[in-house]
Every structure is written in structure tokens, then in C-alpha cells.
file entry05.tsv (TSV, C-alpha atoms (C1' of nucleotides))
chain	number	residue	atom	x	y	z
J	1	MET	CA	0.00	0.00	0.00
J	2	ARG	CA	1.21	3.43	-0.87
J	3	PRO	CA	2.37	5.20	2.24
J	4	VAL	CA	0.18	7.99	3.51
J	5	PRO	CA	1.85	11.31	2.65
J	6	TRP	CA	1.54	12.77	6.14
J	7	ASN	CA	3.09	11.57	9.32
J	8	LEU	CA	-0.04	10.87	11.25
J	9	GLY	CA	0.38	7.25	12.19
J	10	ARG	CA	-0.21	4.14	10.17
J	11	ALA	CA	-1.11	3.94	6.52
J	12	THR	CA	-4.57	2.50	6.11
J	13	ARG	CA	-6.98	2.02	3.24
J	14	GLN	CA	-9.45	4.43	4.87
J	15	ARG	CA	-6.95	7.25	5.18
J	16	ALA	CA	-5.89	6.82	1.58
J	17	GLU	CA	-9.52	7.00	0.50
J	18	ILE	CA	-10.08	10.22	2.39
J	19	MET	CA	-6.93	11.77	0.97
J	20	GLU	CA	-8.00	10.83	-2.53
J	21	MET	CA	-11.45	12.29	-1.96
J	22	LEU	CA	-9.95	15.55	-0.74
J	23	ALA	CA	-7.54	15.62	-3.64
J	24	LYS	CA	-10.30	15.66	-6.19
J	25	THR	CA	-12.65	17.99	-4.35
J	26	ALA	CA	-12.17	21.67	-4.96
J	27	GLU	CA	-14.82	22.99	-2.57
J	28	PHE	CA	-15.21	22.86	1.16
J	29	ILE	CA	-16.96	19.70	2.24
J	30	GLY	CA	-18.33	18.32	5.49
J	31	ALA	CA	-17.51	15.03	7.16
J	32	GLN	CA	-20.93	13.57	6.49
J	33	GLU	CA	-20.64	14.32	2.80
J	34	VAL	CA	-17.16	12.84	2.56
J	35	HIS	CA	-18.59	9.71	4.12
J	36	ASN	CA	-21.58	9.63	1.77
J	37	ARG	CA	-19.49	10.03	-1.34
J	38	LEU	CA	-17.02	7.34	-0.31
J	39	ARG	CA	-19.84	4.94	0.48
J	40	GLN	CA	-21.42	5.59	-2.90
J	41	SER	CA	-18.07	4.79	-4.45
J	42	GLY	CA	-18.25	1.37	-2.84
J	43	SER	CA	-16.17	2.06	0.23
J	44	THR	CA	-17.12	0.55	3.56
J	45	ILE	CA	-15.47	3.29	5.58
J	46	GLY	CA	-17.18	4.31	8.80
J	47	LEU	CA	-18.44	7.75	9.66
J	48	THR	CA	-16.40	7.76	12.85
J	49	THR	CA	-13.20	7.26	10.93
J	50	VAL	CA	-14.03	10.13	8.61
J	51	TYR	CA	-14.56	12.45	11.54
J	52	ARG	CA	-11.39	11.30	13.24
J	53	THR	CA	-9.24	11.60	10.15
J	54	LEU	CA	-10.50	15.01	9.08
J	55	HIS	CA	-10.03	16.31	12.59
J	56	ALA	CA	-6.48	14.99	12.70
J	57	LEU	CA	-5.64	16.43	9.29
J	58	ALA	CA	-6.93	19.82	10.31
J	59	GLU	CA	-5.01	19.71	13.56
J	60	ALA	CA	-1.87	18.86	11.62
J	61	GLY	CA	-2.46	21.82	9.35
J	62	GLU	CA	-2.85	19.63	6.28
J	63	ILE	CA	-6.30	20.92	5.45
J	64	ASP	CA	-8.23	24.13	5.96
J	65	THR	CA	-11.41	24.34	7.96
J	66	VAL	CA	-14.31	26.73	8.16
J	67	ARG	CA	-17.26	26.67	10.48
J	68	LEU	CA	-20.54	27.44	8.73
J	69	ASP	CA	-23.31	29.39	10.39
J	70	ASN	CA	-25.23	26.23	11.10
J	71	GLY	CA	-22.32	24.87	13.09
J	72	GLU	CA	-21.04	22.38	10.54
J	73	GLN	CA	-17.31	22.09	10.15
J	74	HIS	CA	-16.18	21.91	6.52
J	75	TYR	CA	-12.80	20.89	5.20
J	76	ARG	CA	-10.69	21.45	2.11
J	77	ARG	CA	-7.19	20.57	1.06
J	78	CYS	CA	-5.18	23.76	0.91
J	79	SER	CA	-2.25	25.09	-0.95
J	80	ASN	CA	0.83	25.94	1.02
J	81	GLY	CA	1.35	29.34	2.50
J	82	ARG	CA	-0.89	31.82	4.25
J	83	HIS	CA	-4.20	32.44	2.61
J	84	HIS	CA	-7.86	32.98	3.33
J	85	HIS	CA	-11.11	32.16	1.57
J	86	LEU	CA	-13.99	33.81	-0.17
J	87	ILE	CA	-16.90	31.44	0.22
J	88	CYS	CA	-20.33	31.48	-1.37
J	89	ARG	CA	-22.83	31.09	1.42
J	90	HIS	CA	-25.23	29.32	-0.91
J	91	CYS	CA	-23.22	26.80	-2.89
J	92	ALA	CA	-19.97	26.82	-0.91
J	93	ARG	CA	-17.98	27.68	-4.02
J	94	THR	CA	-14.60	28.80	-2.75
J	95	VAL	CA	-11.92	31.15	-3.94
J	96	GLU	CA	-8.57	31.04	-2.23
J	97	ILE	CA	-7.28	34.52	-1.66
J	98	ARG	CA	-4.19	36.08	-0.22
J	99	GLY	CA	-4.83	38.37	2.68
J	100	PRO	CA	-3.14	41.62	3.37
J	101	GLY	CA	-0.46	41.51	6.04
J	102	ILE	CA	-2.74	40.31	8.76
J	103	GLU	CA	-0.15	38.14	10.46
J	104	SER	CA	2.13	40.89	11.61
J	105	TRP	CA	-0.79	43.05	12.62
J	106	ALA	CA	-2.28	40.19	14.66
J	107	GLN	CA	1.03	39.56	16.38
J	108	ALA	CA	1.42	43.22	17.23
J	109	VAL	CA	-2.09	43.64	18.59
J	110	ALA	CA	-1.87	40.46	20.63
J	111	GLY	CA	1.52	41.39	22.02
J	112	ALA	CA	0.28	44.81	23.04
J	113	HIS	CA	-2.33	43.08	25.22
J	114	ASP	CA	-0.02	40.41	26.60
J	115	PHE	CA	-1.56	37.55	24.66
J	116	VAL	CA	0.59	34.70	23.36
J	117	GLU	CA	0.02	31.76	21.00
J	118	VAL	CA	-2.05	33.87	18.68
J	119	ASN	CA	-4.29	32.50	15.97
J	120	HIS	CA	-6.60	34.40	13.72
J	121	THR	CA	-9.55	33.65	11.51
J	122	LEU	CA	-10.35	35.73	8.46
J	123	GLU	CA	-12.94	34.52	6.01
J	124	LEU	CA	-15.17	36.30	3.54
J	125	PHE	CA	-18.71	35.15	2.87
J	126	GLY	CA	-20.83	36.31	-0.03
J	127	THR	CA	-23.10	35.29	-2.86
J	128	CYS	CA	-21.37	34.17	-6.03
J	129	ALA	CA	-22.43	35.25	-9.49
J	130	SER	CA	-24.28	32.11	-10.51
J	131	CYS	CA	-26.13	31.87	-7.21
J	132	ARG	CA	-27.13	35.49	-7.53
J	133	ASP	CA	-28.65	34.69	-10.94
J	134	VAL	CA	-30.64	31.83	-9.51
J	135	LEU	CA	-31.79	33.96	-6.62
J	136	ASP	CA	-32.81	36.77	-8.92
J	137	ALA	CA	-34.79	34.30	-11.03
J	138	GLY	CA	-37.40	34.20	-8.33
J	139	PRO	CA	-38.05	33.98	-4.60
J	140	ASP	CA	-38.24	30.59	-2.94
J	141	ALA	CA	-35.31	29.55	-5.06
J	142	ASP	CA	-32.87	29.65	-2.18
J	143	ARG	CA	-33.33	26.30	-0.52
J	144	TRP	CA	-29.75	25.19	-0.58
J	145	MET	CA	-28.32	26.02	2.76
J	146	SER	CA	-29.02	27.96	5.89
J	147	THR	CA	-27.75	31.48	6.14
I	1	MET	CA	-42.44	48.28	32.56
I	2	ARG	CA	-39.56	50.10	30.97
I	3	PRO	CA	-39.72	49.71	27.23
I	4	VAL	CA	-37.15	47.43	25.66
I	5	PRO	CA	-34.51	49.60	24.01
I	6	TRP	CA	-34.59	47.72	20.71
I	7	ASN	CA	-37.45	47.34	18.31
I	8	LEU	CA	-37.80	43.60	18.46
I	9	GLY	CA	-41.41	43.19	19.46
I	10	ARG	CA	-43.00	43.34	22.86
I	11	ALA	CA	-41.34	44.42	26.06
I	12	THR	CA	-41.26	41.52	28.45
I	13	ARG	CA	-39.69	40.85	31.79
I	14	GLN	CA	-37.49	38.16	30.25
I	15	ARG	CA	-36.07	40.42	27.59
I	16	ALA	CA	-35.31	43.11	30.13
I	17	GLU	CA	-33.50	40.56	32.28
I	18	ILE	CA	-31.34	39.44	29.40
I	19	MET	CA	-30.51	43.00	28.43
I	20	GLU	CA	-29.52	43.76	31.99
I	21	MET	CA	-27.34	40.67	32.15
I	22	LEU	CA	-25.58	41.65	28.94
I	23	ALA	CA	-25.16	45.19	30.15
I	24	LYS	CA	-23.15	44.12	33.15
I	25	THR	CA	-21.12	41.39	31.48
I	26	ALA	CA	-17.91	42.46	29.83
I	27	GLU	CA	-16.87	39.12	28.36
I	28	PHE	CA	-18.38	36.89	25.74
I	29	ILE	CA	-20.92	34.54	27.26
I	30	GLY	CA	-22.96	31.58	26.04
I	31	ALA	CA	-26.70	31.12	26.17
I	32	GLN	CA	-26.49	28.40	28.80
I	33	GLU	CA	-24.47	30.60	31.09
I	34	VAL	CA	-26.79	33.56	30.67
I	35	HIS	CA	-29.59	31.23	31.68
I	36	ASN	CA	-27.69	29.86	34.67
I	37	ARG	CA	-26.80	33.27	35.99
I	38	LEU	CA	-30.32	34.60	35.64
I	39	ARG	CA	-31.73	31.56	37.40
I	40	GLN	CA	-29.26	31.97	40.24
I	41	SER	CA	-30.44	35.55	40.54
I	42	GLY	CA	-33.93	34.27	41.16
I	43	SER	CA	-35.31	34.56	37.66
I	44	THR	CA	-37.65	31.90	36.29
I	45	ILE	CA	-36.67	32.55	32.69
I	46	GLY	CA	-36.58	29.54	30.38
I	47	LEU	CA	-33.58	28.35	28.42
I	48	THR	CA	-35.55	28.47	25.19
I	49	THR	CA	-36.28	32.14	25.67
I	50	VAL	CA	-32.61	32.91	26.26
I	51	TYR	CA	-31.65	31.19	23.04
I	52	ARG	CA	-34.40	32.92	21.10
I	53	THR	CA	-33.59	36.36	22.45
I	54	LEU	CA	-29.84	36.16	21.98
I	55	HIS	CA	-30.34	34.92	18.45
I	56	ALA	CA	-32.70	37.77	17.68
I	57	LEU	CA	-30.36	40.34	19.19
I	58	ALA	CA	-27.46	39.05	17.14
I	59	GLU	CA	-29.54	39.05	13.99
I	60	ALA	CA	-30.51	42.64	14.69
I	61	GLY	CA	-26.87	43.57	15.08
I	62	GLU	CA	-27.35	44.58	18.69
I	63	ILE	CA	-24.75	42.17	20.02
I	64	ASP	CA	-21.59	40.56	18.71
I	65	THR	CA	-21.18	36.84	18.34
I	66	VAL	CA	-18.26	34.48	18.07
I	67	ARG	CA	-18.27	30.76	17.47
I	68	LEU	CA	-15.80	28.92	19.71
I	69	ASP	CA	-13.88	25.91	18.51
I	70	ASN	CA	-16.19	23.60	20.42
I	71	GLY	CA	-19.14	24.93	18.47
I	72	GLU	CA	-20.64	27.10	21.17
I	73	GLN	CA	-21.98	30.46	20.16
I	74	HIS	CA	-21.04	33.25	22.57
I	75	TYR	CA	-22.50	36.73	22.78
I	76	ARG	CA	-21.48	40.13	24.00
I	77	ARG	CA	-22.91	43.59	23.89
I	78	CYS	CA	-20.78	45.65	21.56
I	79	SER	CA	-19.82	49.21	21.12
I	80	ASN	CA	-20.84	50.96	17.97
I	81	GLY	CA	-18.70	50.96	14.92
I	82	ARG	CA	-16.57	48.38	13.19
I	83	HIS	CA	-14.33	46.37	15.42
I	84	HIS	CA	-12.99	42.90	16.02
I	85	HIS	CA	-11.96	40.90	19.08
I	86	LEU	CA	-8.93	39.40	20.71
I	87	ILE	CA	-10.24	36.50	22.76
I	88	CYS	CA	-8.50	34.31	25.30
I	89	ARG	CA	-9.21	30.75	24.31
I	90	HIS	CA	-9.04	29.65	27.94
I	91	CYS	CA	-11.01	32.17	29.96
I	92	ALA	CA	-12.78	34.05	27.14
I	93	ARG	CA	-11.39	37.36	28.34
I	94	THR	CA	-11.99	39.75	25.47
I	95	VAL	CA	-10.32	42.85	24.14
I	96	GLU	CA	-12.18	44.89	21.59
I	97	ILE	CA	-9.83	46.01	18.85
I	98	ARG	CA	-10.07	48.08	15.74
I	99	GLY	CA	-9.02	46.29	12.63
I	100	PRO	CA	-7.04	47.69	9.79
I	101	GLY	CA	-9.04	48.68	6.74
I	102	ILE	CA	-10.42	45.24	6.10
I	103	GLU	CA	-13.79	46.43	4.85
I	104	SER	CA	-12.58	48.06	1.67
I	105	TRP	CA	-10.20	45.21	0.98
I	106	ALA	CA	-12.99	42.66	1.42
I	107	GLN	CA	-15.24	44.58	-0.93
I	108	ALA	CA	-12.53	44.80	-3.54
I	109	VAL	CA	-11.60	41.13	-3.38
I	110	ALA	CA	-15.22	40.02	-3.48
I	111	GLY	CA	-16.00	42.32	-6.38
I	112	ALA	CA	-13.07	41.00	-8.33
I	113	HIS	CA	-14.58	37.53	-8.12
I	114	ASP	CA	-18.16	38.61	-8.81
I	115	PHE	CA	-19.41	38.02	-5.29
I	116	VAL	CA	-22.02	40.29	-3.76
I	117	GLU	CA	-23.48	40.77	-0.28
I	118	VAL	CA	-20.13	40.32	1.35
I	119	ASN	CA	-19.55	39.63	5.03
I	120	HIS	CA	-16.32	38.93	6.76
I	121	THR	CA	-15.18	37.45	10.02
I	122	LEU	CA	-11.93	38.43	11.65
I	123	GLU	CA	-11.16	37.32	15.16
I	124	LEU	CA	-7.94	36.76	17.06
I	125	PHE	CA	-7.56	33.94	19.54
I	126	GLY	CA	-4.72	33.62	22.02
I	127	THR	CA	-3.75	32.94	25.60
I	128	CYS	CA	-3.97	35.91	27.94
I	129	ALA	CA	-1.29	36.76	30.48
I	130	SER	CA	-3.01	35.40	33.57
I	131	CYS	CA	-4.00	32.16	31.86
I	132	ARG	CA	-0.44	31.73	30.68
I	133	ASP	CA	0.72	32.04	34.29
I	134	VAL	CA	-1.72	29.39	35.43
I	135	LEU	CA	-0.73	27.12	32.59
I	136	ASP	CA	2.94	27.57	33.34
I	137	ALA	CA	2.27	26.73	36.98
I	138	GLY	CA	1.86	23.11	36.01
I	139	PRO	CA	0.28	20.70	33.58
I	140	ASP	CA	-3.28	19.51	34.17
I	141	ALA	CA	-4.11	23.05	35.14
I	142	ASP	CA	-5.97	23.74	31.92
I	143	ARG	CA	-9.36	22.29	32.51
I	144	TRP	CA	-11.43	25.31	31.68
I	145	MET	CA	-12.41	24.95	28.11
I	146	SER	CA	-11.67	22.96	25.02
I	147	THR	CA	-9.15	24.26	22.57
N	1	DT	C1'	5.65	-15.23	11.81
N	2	DT	C1'	4.59	-13.39	15.98
N	3	DT	C1'	3.59	-9.61	18.69
N	4	DA	C1'	2.20	-5.03	20.16
N	5	DC	C1'	-0.69	-1.61	19.68
N	6	DA	C1'	-2.79	1.78	16.58
N	7	DA	C1'	-6.95	2.07	13.76
N	8	DT	C1'	-11.56	0.90	12.71
N	9	DG	C1'	-16.64	1.15	12.99
N	10	DA	C1'	-21.35	0.23	14.78
N	11	DA	C1'	-23.90	1.74	18.35
N	12	DA	C1'	-24.60	4.66	22.06
N	13	DA	C1'	-23.67	8.87	24.28
N	14	DC	C1'	-23.13	13.84	24.10
N	15	DC	C1'	-24.70	18.33	24.03
N	16	DA	C1'	-25.73	22.81	22.12
N	17	DT	C1'	-29.57	24.30	19.85
N	18	DT	C1'	-34.29	24.10	17.84
N	19	DT	C1'	-39.04	22.75	17.51
N	20	DC	C1'	-43.62	21.85	19.49
N	21	DC	C1'	-47.51	23.50	21.60
N	22	DA	C1'	-50.48	24.71	25.37
N	23	DA	C1'	-50.55	28.41	28.75
N	24	DC	C1'	-49.61	33.24	29.33
N	25	DA	C1'	-49.30	38.24	28.99
N	26	DA	C1'	-48.51	42.72	26.33
N	27	DA	C1'	-50.78	45.84	23.58
N	28	DA	C1'	-54.70	47.08	20.92
N	29	DT	C1'	-59.60	47.57	20.85
N	30	DG	C1'	-64.36	48.40	22.39
C	1	DC	C1'	-62.04	48.83	32.66
C	2	DA	C1'	-63.09	44.64	30.13
C	3	DT	C1'	-62.11	42.05	26.19
C	4	DT	C1'	-59.86	40.48	22.27
C	5	DT	C1'	-55.83	39.74	19.59
C	6	DT	C1'	-51.62	38.00	18.92
C	7	DG	C1'	-46.79	37.83	20.10
C	8	DT	C1'	-44.18	35.46	23.90
C	9	DT	C1'	-42.95	32.01	27.08
C	10	DG	C1'	-41.03	27.56	28.76
C	11	DG	C1'	-40.98	22.59	29.70
C	12	DA	C1'	-40.46	18.61	27.19
C	13	DA	C1'	-39.18	16.32	23.27
C	14	DA	C1'	-36.75	16.28	19.03
C	15	DT	C1'	-32.76	17.44	16.11
C	16	DG	C1'	-28.39	16.73	14.30
C	17	DG	C1'	-23.51	17.21	14.11
C	18	DT	C1'	-19.82	15.30	16.56
C	19	DT	C1'	-17.53	12.37	20.04
C	20	DT	C1'	-16.98	8.31	22.96
C	21	DT	C1'	-16.98	3.44	23.87
C	22	DC	C1'	-15.10	-0.90	23.18
C	23	DA	C1'	-14.62	-5.26	20.93
C	24	DT	C1'	-12.52	-6.41	16.61
C	25	DT	C1'	-9.28	-5.83	12.85
C	26	DG	C1'	-5.09	-4.58	10.43
C	27	DT	C1'	-0.43	-2.43	10.30
C	28	DA	C1'	4.18	-2.54	11.00
C	29	DA	C1'	7.97	-3.66	13.96
C	30	DA	C1'	10.72	-7.35	16.11
call {"tool": "encode", "arguments": {"input": "entry05.tsv", "output": "C-alpha cells"}}
result
Amino acid sequence: MRPVPWNLGRATRQRAEIMEMLAKTAEFIGAQEVHNRLRQSGSTIGLTTVYRTLHALAEAGEIDTVRLDNGEQHYRRCSNGRHHHLICRHCARTVEIRGPGIESWAQAVAGAHDFVEVNHTLELFGTCASCRDVLDAGPDADRWMST
Amino acid sequence: MRPVPWNLGRATRQRAEIMEMLAKTAEFIGAQEVHNRLRQSGSTIGLTTVYRTLHALAEAGEIDTVRLDNGEQHYRRCSNGRHHHLICRHCARTVEIRGPGIESWAQAVAGAHDFVEVNHTLELFGTCASCRDVLDAGPDADRWMST
DNA sequence: TTTACAATGAAAACCATTTCCAACAAAATG
DNA sequence: CATTTTGTTGGAAATGGTTTTCATTGTAAA
């Protein structure tokens, strides 16, 4: 079996499947949906394993995460380097963007208030062009996702 | 009864209690804790009402909200004007900070990708000075809150 | 191999939040 | 003031994403 490309323990079929799924998915995706898609592809992977693996990958910094308004955690493989996301709140279409120099600003602000181990979250949410078209088409057309 | 200072329907005892609680609480606080504190003060308010009211206040822009890593939604009365927060991930101590000109940048980035109705979230998380001291004191001392 | 122990997964537990709905009370009306 | 209207309340039950439990399985080292 091909070794898993991240040092997170043993190489298993399930982890390879999840990596492959992430590799071919451009948008943010939730654990439940990863599980569904793998099952439909014939996998017998368990939901628990999907949750565990995605959580571990995120913790290791291998994938990005965003928390949607409804509380769901979504994941996405990310390119290297600092970046943020512009996410369509309807279809979850995602554009990876480079932020302005937030890092140094965050460090400075935190330091000024005696905070250490600083993280920051910066995400943009909006309505993408195609979703706007659908929405304009008529009311009651927005049944995709909670806002 | 003193009228509720926000146009969100009828003025009730419960809403006044919640407003008062928020008025004297400087830190971010969750719905459950608002409920607990009010009950300990002798109130008979229901948990459902607390959830409903906080949600409505947030929707109306009367209070700020942050989503913690564990999924809990916390609330805090906010000053007017654009600002962000520096939040201790252990004790939830909060410093209100003014961000750099994120708004215009967000608008520009979103526009460039044909997104409309743009929101953004920008929050800093860290460990405050006093929590760092406690943590340094010894392991197993960090039982406050999930990270 | 054999062994040690990490990983898996079905089911159950968790837990913040929401929904249901009958009782209640604020505001409007007569 | 009495009455009606209708938004509000709150206990219980439901929801739903995520985590825990634990017996079983599979990986990789010895």
C-alpha cells in the first residue's frame, strides 16, 4: 500500500480514500458528505473514521477548515502558505485569496495586550455570481443552505 | 415596565433581564451561562427564551457573536462601529480592537470575483497573560475549556 | 511469523440548539 | 375597565452534528 503522505500514524486504506477524496474535491466539504461520497463509491469506511481523520488532518495543518453558520465544520485541502477564503454562502464555491499583512498586525495587537500563541480567523462570505442569478430568477429559489 | 430599548417586538420581563445581564457582562458569554446566571439571581426565565432572544439580538446587530472551537456560540454587547476581538481561548477574556481597513479590501476582493453581499469574520484567539501564568504553573491546570 | 498496539466502525452517548404547543401576557380595541 | 388579539414564554421532546466506547481488525515492527 502506498504510504500515507503525512506523518499521522499508520497507513490504512481508509486514510488513503479520504486523501483521494480531498484531492479531487475543490470545494469545502463536510464530514458527512465525505462519508456519503465514499460509500457511494463502494467504500465501507465508517463515519467515525471520517470524523477522526478530518479532525487529525486539520489539527496537523494539512487541510483548511471553516465553520458554517449552522455549526457544521467543513474541510478542504489547501495550498501551502498563508491564505484565506472567499466562500459562497449558498453553494460553498470557494476562492482562495491572499490576505493583506494580517499576520504581523495580529502579532502586534496580541503582544500589546499580553496575549501569546495567537491564531486568527479571516474569512469572507458572499453570494457568487451564478447563485445570484438563480436567486434573482425568483423567490423561494434559495433552498440550498441555511444562512 | 420600561420599554425594551430595541425594536424587536413586545417588552417583556425576560427580555429586560437578558438586556440587563448583557449590560453588566464584559466578556463573551454563552446562552447556557446567561440562563444559569439569571436563574441563580432568582429569575424563572426559560432556556428556550434565552436562546431565542440572543439569536434575535445578534440578527438585529445589537450584540456581537463568536463561534468557539467547540461549536458554542457566545454573545457580548458591543460598542458601535466596526471592530474585532482578541479572545483568550481559555477564559474568554476579550479585548475589543479596531481592525485595519479590512472592509474596503474585502469589498474589492469580493467584487473582483463577482461576489455580492459580502460579510467577513476576523477574530484573534490567544492565551492571555493570567492564563499563561496558570498554565505555566503546572500541567493539568488547563481544565477550563476545550481548545 | 509473531507480537504489540494503533486504527476501525457500529452503536450509544453527548450536548448545544431548535421545535412543538399549550398556557400566558402585552398591547390594541371596544 | 373589560375584552380580544396575537406575540411570547417555557418545559419537554426532538434534532443533528460530533464524540466516545469498546470489541474487533489490520499495520508494522521485532
call {"tool": "residues_around", "arguments": {"input": "entry05.tsv", "residues": "J:Gln32", "least_positions_apart": "4", "cutoff": "9 Å", "atoms": "all atoms listed in the file", "output": "list in words"}}
result
Asn36, Arg37, Leu47, Val50 and Tyr51 of chain J; DG17 of chain C
call {"tool": "calpha_fit_rmsd", "arguments": {"input": "entry05.tsv", "fixed": "chain I", "moving": "chain J"}}
result
0.2 Å
call {"tool": "atom_distance", "arguments": {"input": "entry05.tsv", "atom1": "atom CA of J:Val134", "atom2": "atom CA of I:Ser104"}}
result
26.7 Å
call {"tool": "atom_distance", "arguments": {"input": "entry05.tsv", "atom1": "atom CA of J:Glu33", "atom2": "atom CA of J:Asp69"}}
result
17.1 Å
call {"tool": "interface_residues", "arguments": {"input": "entry05.tsv", "of": "chain C", "to": "chain I", "cutoff": "12 Å", "atoms": "all atoms listed in the file", "output": "list in words"}}
result
DT6, DG7, DT8, DT9, DG10, DG11, DA12, DG17, DT18 and DT19 of chain C
call {"tool": "interface_residues", "arguments": {"input": "entry05.tsv", "of": "chain N", "to": "chain I", "cutoff": "8 Å", "atoms": "all atoms listed in the file", "output": "PDB file with C-alpha atoms (C1' of nucleotides), in the coordinates of the input"}}
result
ATOM      1  C1'  DA N  16     -25.730  22.810  22.120  1.00  0.00           C
ATOM      2  C1'  DT N  17     -29.570  24.300  19.850  1.00  0.00           C
ATOM      3  C1'  DA N  26     -48.510  42.720  26.330  1.00  0.00           C
TER       4       DA N  26
END
call {"tool": "residues_around", "arguments": {"input": "entry05.tsv", "residues": "I:Glu96", "least_positions_apart": "2", "cutoff": "9 Å", "atoms": "all atoms listed in the file", "output": "number ranges by chain"}}
result
I: 78-79, 83-87, 94, 98
call {"tool": "atom_distance", "arguments": {"input": "entry05.tsv", "atom1": "atom CA of J:Ile29", "atom2": "atom CA of J:His74"}}
result
4.9 Å
call {"tool": "interface_residues", "arguments": {"input": "entry05.tsv", "of": "chain J", "to": "chain I", "cutoff": "8 Å", "atoms": "all atoms listed in the file", "output": "list in words"}}
result
Gly71, Leu86, Cys88, Ala106, Ala110, His113, Asp114, Phe115, Val116, Glu117, Val118, Asn119, His120, Thr121, Leu122, Glu123, Leu124, Phe125, Gly126, Thr127, Cys128, Ala129 and Arg132 of chain J
call {"tool": "residues_around", "arguments": {"input": "entry05.tsv", "residues": "J:Ala58", "least_positions_apart": "6", "cutoff": "9 Å", "atoms": "only C-alpha atoms (C1' of nucleotides)", "output": "list in words"}}
result
Asp64, Thr65 and Tyr75 of chain J
call {"tool": "residues_near_point", "arguments": {"input": "entry05.tsv", "point": "(-7.3, -3.8, 9.6)", "cutoff": "8 Å", "atoms": "all atoms listed in the file", "output": "PyMOL selection string"}}
result
(chain J and resi 12) or (chain N and resi 7-8) or (chain C and resi 25-27)
call {"tool": "write_last_selection", "arguments": {"input": "entry05.tsv", "atoms": "C-alpha atoms (C1' of nucleotides)", "output": "compact mmCIF listing (two decimals), in the frame of the given file"}}
result
# COMPACT_ATOMS: atom_id res chain seq x y z
CA THR J 12 -4.57 2.50 6.11
C1' DA N 7 -6.95 2.07 13.76
C1' DT N 8 -11.56 0.90 12.71
C1' DT C 25 -9.28 -5.83 12.85
C1' DG C 26 -5.09 -4.58 10.43
C1' DT C 27 -0.43 -2.43 10.30
